[in-house]
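Containing mmCIF, C-alpha atoms (C1' of nucleotides): final01.cif.
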data_upload
loop_
_atom_site.label_atom_id
_atom_site.label_comp_id
_atom_site.auth_asym_id
_atom_site.auth_seq_id
_atom_site.Cartn_x
_atom_site.Cartn_y
_atom_site.Cartn_z
CA MET A 1 114.26 29.14 99.84
CA ALA A 2 112.94 25.79 100.72
CA GLU A 3 110.38 26.14 103.40
CA THR A 4 111.82 23.53 105.63
CA PRO A 5 110.03 23.32 108.92
CA ASP A 6 112.68 22.35 111.38
CA THR A 7 110.52 19.53 112.47
CA SER A 8 111.94 17.10 109.96
CA PRO A 9 115.67 17.19 109.74
CA ASP A 10 115.65 14.27 107.38
CA ALA A 11 114.91 14.44 103.74
CA PRO A 12 111.26 14.39 102.92
CA ASP A 13 110.44 10.91 101.77
CA VAL A 14 110.26 11.03 98.05
CA GLN A 15 107.89 8.16 98.03
CA ASN A 16 109.87 5.49 99.73
CA ALA A 17 112.30 5.17 96.86
CA GLU A 18 115.83 4.01 97.35
CA ILE A 19 117.12 7.42 96.53
CA ASP A 20 119.26 7.76 99.53
CA CYS A 21 121.49 10.47 98.31
CA TYR A 22 120.86 12.24 95.08
CA CYS A 23 122.67 15.12 96.57
CA PRO A 24 124.62 17.92 94.97
CA LEU A 25 127.04 15.74 93.06
CA GLY A 26 129.01 18.83 92.49
CA GLY A 27 132.37 17.26 92.00
CA VAL A 28 132.59 14.50 89.48
CA MET A 29 129.29 15.01 87.74
CA ASP A 30 130.07 18.63 87.30
CA LEU A 31 133.25 17.78 85.54
CA LEU A 32 131.63 15.12 83.45
CA SER A 33 129.10 17.64 82.28
CA ARG A 34 131.77 19.63 80.54
CA GLN A 35 131.86 19.08 76.85
CA TYR A 36 133.76 16.01 75.70
CA ALA A 37 134.72 15.04 79.22
CA MET A 38 133.06 11.67 79.07
CA GLN A 39 134.19 11.02 75.57
CA VAL A 40 137.77 11.89 76.34
CA THR A 41 137.74 9.56 79.28
CA CYS A 42 136.52 6.71 77.15
CA VAL A 43 138.84 7.43 74.30
CA VAL A 44 141.87 7.46 76.51
CA GLY A 45 140.69 4.28 78.10
CA ALA A 46 140.22 2.69 74.74
CA ILE A 47 143.56 3.49 73.23
CA GLY A 48 145.59 3.19 76.40
CA PRO A 49 148.51 5.54 76.67
CA ALA A 50 147.23 8.22 74.41
CA ARG A 51 149.09 11.07 72.90
CA TYR A 52 147.54 14.43 72.54
CA GLY A 53 147.41 14.20 68.81
CA GLU A 54 145.70 10.86 68.87
CA ILE A 55 142.99 12.13 71.09
CA GLU A 56 142.58 15.17 68.95
CA GLU A 57 142.24 13.05 65.84
CA THR A 58 139.54 10.99 67.41
CA PHE A 59 137.40 14.04 67.77
CA GLY A 60 138.50 15.86 64.74
CA GLU A 61 136.52 19.01 65.31
CA VAL A 62 137.51 20.02 68.76
CA SER A 63 139.65 23.08 69.23
CA SER A 64 142.98 22.63 70.90
CA SER A 65 142.15 24.95 73.73
CA THR A 66 139.00 23.11 74.59
CA LEU A 67 140.57 19.72 74.48
CA SER A 68 143.54 20.95 76.41
CA THR A 69 141.35 22.36 79.12
CA ARG A 70 139.38 19.19 79.36
CA LEU A 71 142.47 17.08 79.67
CA ASP A 72 143.69 19.38 82.36
CA ASN A 73 140.47 19.04 84.28
CA LEU A 74 140.60 15.30 84.11
CA VAL A 75 144.17 15.21 85.27
CA GLU A 76 143.39 17.56 88.12
CA ALA A 77 140.48 15.40 89.10
CA GLY A 78 142.79 12.44 89.30
CA LEU A 79 141.10 10.59 86.50
CA LEU A 80 143.94 10.85 84.05
CA SER A 81 147.64 10.75 84.46
CA ARG A 82 149.91 12.80 82.31
CA GLU A 83 153.40 11.70 81.53
CA GLN A 84 155.68 14.02 79.70
CA TYR A 85 158.79 12.88 77.90
CA ASN A 86 161.25 15.60 77.21
CA GLU A 87 162.32 14.40 73.86
CA ILE A 88 162.38 16.00 70.53
CA PRO A 89 159.79 16.08 69.30
CA PRO A 90 158.05 16.20 72.61
CA ARG A 91 155.78 13.39 73.59
CA VAL A 92 153.07 13.34 76.17
CA GLU A 93 150.97 10.42 77.16
CA TYR A 94 147.69 10.40 78.95
CA GLU A 95 146.42 7.36 80.68
CA LEU A 96 143.57 6.48 82.95
CA THR A 97 144.33 6.32 86.61
CA GLU A 98 142.68 3.60 88.62
CA THR A 99 139.90 5.94 89.49
CA GLY A 100 139.62 6.89 85.90
CA GLU A 101 139.36 3.28 84.96
CA GLU A 102 136.53 2.82 87.39
CA LEU A 103 134.80 5.69 85.77
CA ARG A 104 135.35 4.45 82.29
CA GLU A 105 133.80 1.14 83.10
CA ARG A 106 130.64 2.95 83.99
CA LEU A 107 130.87 5.34 81.12
CA ASP A 108 131.41 2.90 78.35
CA PRO A 109 127.95 1.38 78.32
CA LEU A 110 126.54 4.85 78.29
CA LEU A 111 128.55 6.05 75.35
CA GLU A 112 127.95 2.94 73.37
CA TRP A 113 124.27 3.31 73.90
CA ALA A 114 124.45 6.96 72.99
CA GLU A 115 126.11 6.12 69.73
CA GLU A 116 123.34 3.77 68.81
CA GLN A 117 120.78 6.40 69.57
CA ASP A 118 122.48 8.96 67.47
CA ASP A 119 122.59 6.68 64.52
CA CYS A 120 126.29 6.64 64.25
CA ASP A 121 126.82 4.00 61.72
CA MET B 1 136.14 -8.24 79.97
CA ALA B 2 132.87 -7.60 78.42
CA GLU B 3 132.97 -9.31 75.13
CA THR B 4 134.32 -12.61 74.02
CA PRO B 5 134.92 -12.34 70.33
CA ASP B 6 135.49 -15.88 69.21
CA THR B 7 136.21 -14.64 65.76
CA SER B 8 138.14 -11.73 67.03
CA PRO B 9 140.14 -10.14 64.25
CA ASP B 10 143.32 -9.72 66.18
CA ALA B 11 145.08 -7.61 68.70
CA PRO B 12 143.57 -4.26 69.46
CA ASP B 13 145.24 -2.12 66.92
CA VAL B 14 143.77 0.91 68.46
CA GLN B 15 144.74 3.04 65.58
CA ASN B 16 142.13 1.39 63.46
CA ALA B 17 140.03 -0.25 66.06
CA GLU B 18 136.30 0.10 66.26
CA ILE B 19 136.69 3.15 68.36
CA ASP B 20 136.78 5.09 65.18
CA CYS B 21 133.18 5.68 66.01
CA TYR B 22 133.67 7.94 68.96
CA CYS B 23 132.08 10.35 66.64
CA PRO B 24 130.19 13.55 67.24
CA LEU B 25 127.77 12.17 69.75
CA GLY B 26 126.11 15.47 69.40
CA GLY B 27 122.65 14.36 70.24
CA VAL B 28 122.29 12.48 73.45
CA MET B 29 125.63 13.23 75.02
CA ASP B 30 125.16 16.86 74.37
CA LEU B 31 121.93 16.83 76.24
CA LEU B 32 123.34 14.79 79.06
CA SER B 33 126.06 17.33 79.47
CA ARG B 34 123.60 19.98 80.50
CA GLN B 35 123.39 20.57 84.17
CA TYR B 36 121.27 18.12 86.12
CA ALA B 37 120.25 16.22 83.02
CA MET B 38 121.65 12.92 84.22
CA GLN B 39 120.44 13.44 87.72
CA VAL B 40 116.95 14.30 86.62
CA THR B 41 116.81 11.20 84.52
CA CYS B 42 117.77 9.04 87.42
CA VAL B 43 115.51 10.74 89.87
CA VAL B 44 112.50 10.35 87.65
CA GLY B 45 113.43 6.76 87.11
CA ALA B 46 113.73 6.20 90.80
CA ILE B 47 110.46 7.68 91.89
CA GLY B 48 108.44 6.57 88.90
CA PRO B 49 105.72 8.93 87.83
CA ALA B 50 107.18 12.09 89.22
CA ARG B 51 105.53 15.38 89.72
CA TYR B 52 107.34 18.58 89.14
CA GLY B 53 107.40 19.49 92.78
CA GLU B 54 108.83 16.17 93.78
CA ILE B 55 111.66 16.50 91.37
CA GLU B 56 112.30 20.00 92.52
CA GLU B 57 112.46 18.89 96.12
CA THR B 58 114.98 16.25 95.33
CA PHE B 59 117.38 18.86 94.15
CA GLY B 60 116.41 21.59 96.45
CA GLU B 61 118.63 24.26 95.02
CA VAL B 62 117.76 24.28 91.38
CA SER B 63 115.88 27.22 89.98
CA SER B 64 112.55 26.54 88.38
CA SER B 65 113.59 27.89 85.05
CA THR B 66 116.58 25.64 84.88
CA LEU B 67 114.75 22.54 85.93
CA SER B 68 111.90 23.35 83.64
CA THR B 69 114.21 23.71 80.71
CA ARG B 70 115.93 20.49 81.50
CA LEU B 71 112.69 18.60 81.74
CA ASP B 72 111.66 20.07 78.44
CA ASN B 73 114.85 18.94 76.83
CA LEU B 74 114.44 15.45 78.10
CA VAL B 75 110.89 15.27 76.90
CA GLU B 76 111.87 16.59 73.51
CA ALA B 77 114.58 14.01 73.30
CA GLY B 78 112.05 11.32 73.94
CA LEU B 79 113.57 10.26 77.20
CA LEU B 80 110.76 11.45 79.38
CA SER B 81 107.05 11.51 78.89
CA ARG B 82 104.94 14.27 80.23
CA GLU B 83 101.37 13.70 81.17
CA GLN B 84 99.25 16.63 82.12
CA TYR B 85 96.02 16.29 84.01
CA ASN B 86 93.78 19.25 83.74
CA GLU B 87 92.55 19.21 87.24
CA ILE B 88 92.56 21.76 89.92
CA PRO B 89 95.13 22.01 91.19
CA PRO B 90 96.96 21.00 88.07
CA ARG B 91 98.98 17.88 88.08
CA VAL B 92 101.75 16.85 85.77
CA GLU B 93 103.64 13.64 85.82
CA TYR B 94 106.94 12.83 84.24
CA GLU B 95 107.97 9.34 83.56
CA LEU B 96 110.76 7.61 81.75
CA THR B 97 110.01 6.41 78.29
CA GLU B 98 111.43 3.10 77.27
CA THR B 99 114.38 4.85 75.80
CA GLY B 100 114.73 6.83 78.96
CA GLU B 101 114.70 3.65 80.94
CA GLU B 102 117.49 2.26 78.83
CA LEU B 103 119.44 5.35 79.56
CA ARG B 104 118.79 5.26 83.25
CA GLU B 105 120.08 1.75 83.49
CA ARG B 106 123.36 2.96 82.17
CA LEU B 107 123.34 6.11 84.18
CA ASP B 108 122.64 4.67 87.56
CA PRO B 109 125.97 2.96 88.08
CA LEU B 110 127.66 6.14 87.09
CA LEU B 111 125.78 8.33 89.52
CA GLU B 112 126.19 5.93 92.35
CA TRP B 113 129.87 5.82 91.76
CA ALA B 114 130.00 9.58 91.54
CA GLU B 115 128.34 9.88 94.90
CA GLU B 116 130.93 7.70 96.49
CA GLN B 117 133.69 9.76 94.99
CA ASP B 118 132.25 12.97 96.25
CA ASP B 119 131.95 11.67 99.74
CA CYS B 120 128.34 12.45 100.07
CA ASP B 121 127.78 11.95 103.72
"C1'" DC C 1 154.42 17.91 68.76
"C1'" DA C 2 151.78 19.58 72.56
"C1'" DG C 3 150.14 22.76 74.36
"C1'" DA C 4 149.63 27.94 76.90
"C1'" DA C 5 147.75 32.44 76.43
"C1'" DT C 6 144.37 35.70 74.71
"C1'" DC C 7 140.29 37.41 73.21
"C1'" DC C 8 135.56 37.04 72.42
"C1'" DA C 9 130.74 35.29 70.88
"C1'" DT C 10 127.65 32.38 72.61
"C1'" DT C 11 125.34 29.92 75.84
"C1'" DC C 12 123.92 28.68 80.17
"C1'" DG C 13 121.81 28.95 84.26
"C1'" DG C 14 120.07 31.66 88.32
"C1'" DA C 15 116.89 35.12 90.15
"C1'" DT C 16 112.69 37.28 89.80
"C1'" DA C 17 108.04 38.07 88.50
"C1'" DC C 18 103.96 36.59 86.54
"C1'" DT C 19 100.06 33.14 84.65
"C1'" DG C 20 96.38 29.14 83.76
"C1'" DC D 1 100.60 23.45 91.37
"C1'" DA D 2 103.48 23.81 87.45
"C1'" DG D 3 105.31 26.10 85.00
"C1'" DT D 4 106.60 30.47 81.39
"C1'" DA D 5 108.81 34.93 80.39
"C1'" DT D 6 112.42 38.04 80.97
"C1'" DC D 7 116.71 39.92 82.25
"C1'" DC D 8 121.46 39.45 83.10
"C1'" DG D 9 125.96 37.97 85.04
"C1'" DA D 10 128.95 34.05 84.73
"C1'" DA D 11 130.92 30.42 82.52
"C1'" DT D 12 132.00 27.99 78.47
"C1'" DG D 13 133.96 26.78 74.38
"C1'" DG D 14 135.98 28.28 69.83
"C1'" DA D 15 139.46 30.75 66.95
"C1'" DT D 16 143.81 32.48 66.76
"C1'" DT D 17 148.47 33.20 67.87
"C1'" DC D 18 152.68 31.93 69.95
"C1'" DT D 19 156.28 28.81 72.19
"C1'" DG D 20 159.67 25.18 74.13
#
Reformat the file's structure so that it appears as structure tokens.
Amino acid sequence: MAETPDTSPDAPDVQNAEIDCYCPLGGVMDLLSRQYAMQVTCVVGAIGPARYGEIEETFGEVSSSTLSTRLDNLVEAGLLSREQYNEIPPRVEYELTETGEELRERLDPLLEWAEEQDDCD
Amino acid sequence: MAETPDTSPDAPDVQNAEIDCYCPLGGVMDLLSRQYAMQVTCVVGAIGPARYGEIEETFGEVSSSTLSTRLDNLVEAGLLSREQYNEIPPRVEYELTETGEELRERLDPLLEWAEEQDDCD
DNA sequence: CAGAATCCATTCGGATACTG
DNA sequence: CAGTATCCGAATGGATTCTG
């Protein structure tokens, strides 16, 4: 346990930095830490209304269960919308919600940078 | 929004757009997907030369083994530098490398946004 | 086509205890 | 102080199979 003398209710100054709240971050960051979560978000953002197969292709090596789970998570979190058309053959389209779009804007620079680092091309 | 391709090829034919490079991303993104990795990066960036204890305090609930592992990973990846002073008591300082700094710049907007989403206060 | 359901190997991360 | 070492339960992600 943190030996927190109840004399200082406030956070111990971490050297006057502007770190006001690097708190838990359970929610979103937790989700984004799941494999492919960030990539899926950016991919969907990049290709707009994206069908399952398209997303799958983009990754190539992901298993359907994993990708499916991730898409679910993102939909649950309100970052993606899922529209299902009951046609034959069935068609489903994922799209960024507004929140998802906000996220993607912040994610894109990161992923692009990451690609450079990993010597992608 | 971001770019202004004067010699832009043409409409975003996503099918064959430049997003064909949302490739593996094994390296950096894989590391960043480990718990606390992004947060640690930002925290170290925020408080500059950071001692182990300081980082630990910032999180409060992380176990030493986990944090230690994460720091190791980040050092290995060349994102953090680790300077050890053989004094008594021992002192170790972590700092962002230049690469780490590049990362942090891209990470900060993300974390700040994430905090808002999670309704931190 | 777009998954849901299962099963399972692996990994991760937390707790605990112990050093230089 | 700043970790490392170890053990172990929990969670994750992959393969496979099946379905509307």
Taking the file above as input, evaluate the PyMOL selection byres ((chain C) within 8 of (chain A)) and report the hits as a PyMOL selection string.
chain C and resi 1-3
Considering only C-alpha atoms (C1' of nucleotides), tabulate each residue of region 45-68 of chain A that lies at most 9 Å from chain D along with its nearest interatomic pair and the corresponding distance in Å to one decimal; arrange the rows by chain and ascending residue number and present them as CSV.
residue,atom,partner,partner_atom,distance
A:Val62,CA,D:DG14,C1',8.5
A:Ser63,CA,D:DG14,C1',6.4
A:Ser65,CA,D:DG14,C1',8.0
A:Thr66,CA,D:DG13,C1',6.2
Where does the PyMOL selection byres ((chain A and resi 99) around 12) land in this file, that is, which residues does it pick, as a PyMOL selection string?
(chain A and resi 28+41+45+74-75+77-81+95-98+100-106) or (chain B and resi 113-114+116-117)
Distance in Å - CA of Leu107 (chain B) versus CA of Val43 (chain A):
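Computed distance, CA of Leu107 (chain B) to CA of Val43 (chain A), equals 18.4 Å.
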So how far away is CA of Arg82 (chain B) from CA of Tyr94 (chain B), in Å?
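Between these atoms lies a distance of 4.7 Å.
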Reference answer for the PyMOL selection byres ((chain B and resi 70) around 8), as a PDB file with C-alpha atoms, in the frame of the given file:
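Okay, this is what ended up in expr_39.pdb:
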ATOM      1  CA  ARG B  34     123.600  19.980  80.500  1.00  0.00           C
ATOM      2  CA  GLN B  35     123.390  20.570  84.170  1.00  0.00           C
ATOM      3  CA  TYR B  36     121.270  18.120  86.120  1.00  0.00           C
ATOM      4  CA  ALA B  37     120.250  16.220  83.020  1.00  0.00           C
ATOM      5  CA  THR B  66     116.580  25.640  84.880  1.00  0.00           C
ATOM      6  CA  LEU B  67     114.750  22.540  85.930  1.00  0.00           C
ATOM      7  CA  SER B  68     111.900  23.350  83.640  1.00  0.00           C
ATOM      8  CA  THR B  69     114.210  23.710  80.710  1.00  0.00           C
ATOM      9  CA  LEU B  71     112.690  18.600  81.740  1.00  0.00           C
ATOM     10  CA  ASP B  72     111.660  20.070  78.440  1.00  0.00           C
ATOM     11  CA  ASN B  73     114.850  18.940  76.830  1.00  0.00           C
ATOM     12  CA  LEU B  74     114.440  15.450  78.100  1.00  0.00           C
TER      13      LEU B  74
END
Among the residues A:Glu93, A:Phe59, A:Glu115, A:Asn86, the one that comes closest to chain D [using only C-alpha atoms (C1' of nucleotides)]
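Looking at the shortest contact to chain D, the residue is A:Asn86.
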To one decimal place, how far is CA of Ala50 (chain B) from CA of Leu31 (chain B) in Å?
20.2 Å
Using all atoms listed in the file, which of the listed residues (A:Ile55, A:Ser33, A:Ala46, A:Leu111) sits closest to chain D?
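Once distances to chain D are computed over all atoms listed in the file, the minimum belongs to A:Ser33.
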Best match for closeness to chain D among A:Pro49, A:Met29, A:Glu56, A:Glu61, counting all atoms listed in the file
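Of A:Pro49, A:Met29, A:Glu56, A:Glu61, the one nearest chain D, counting all atoms listed in the file, is A:Glu61.
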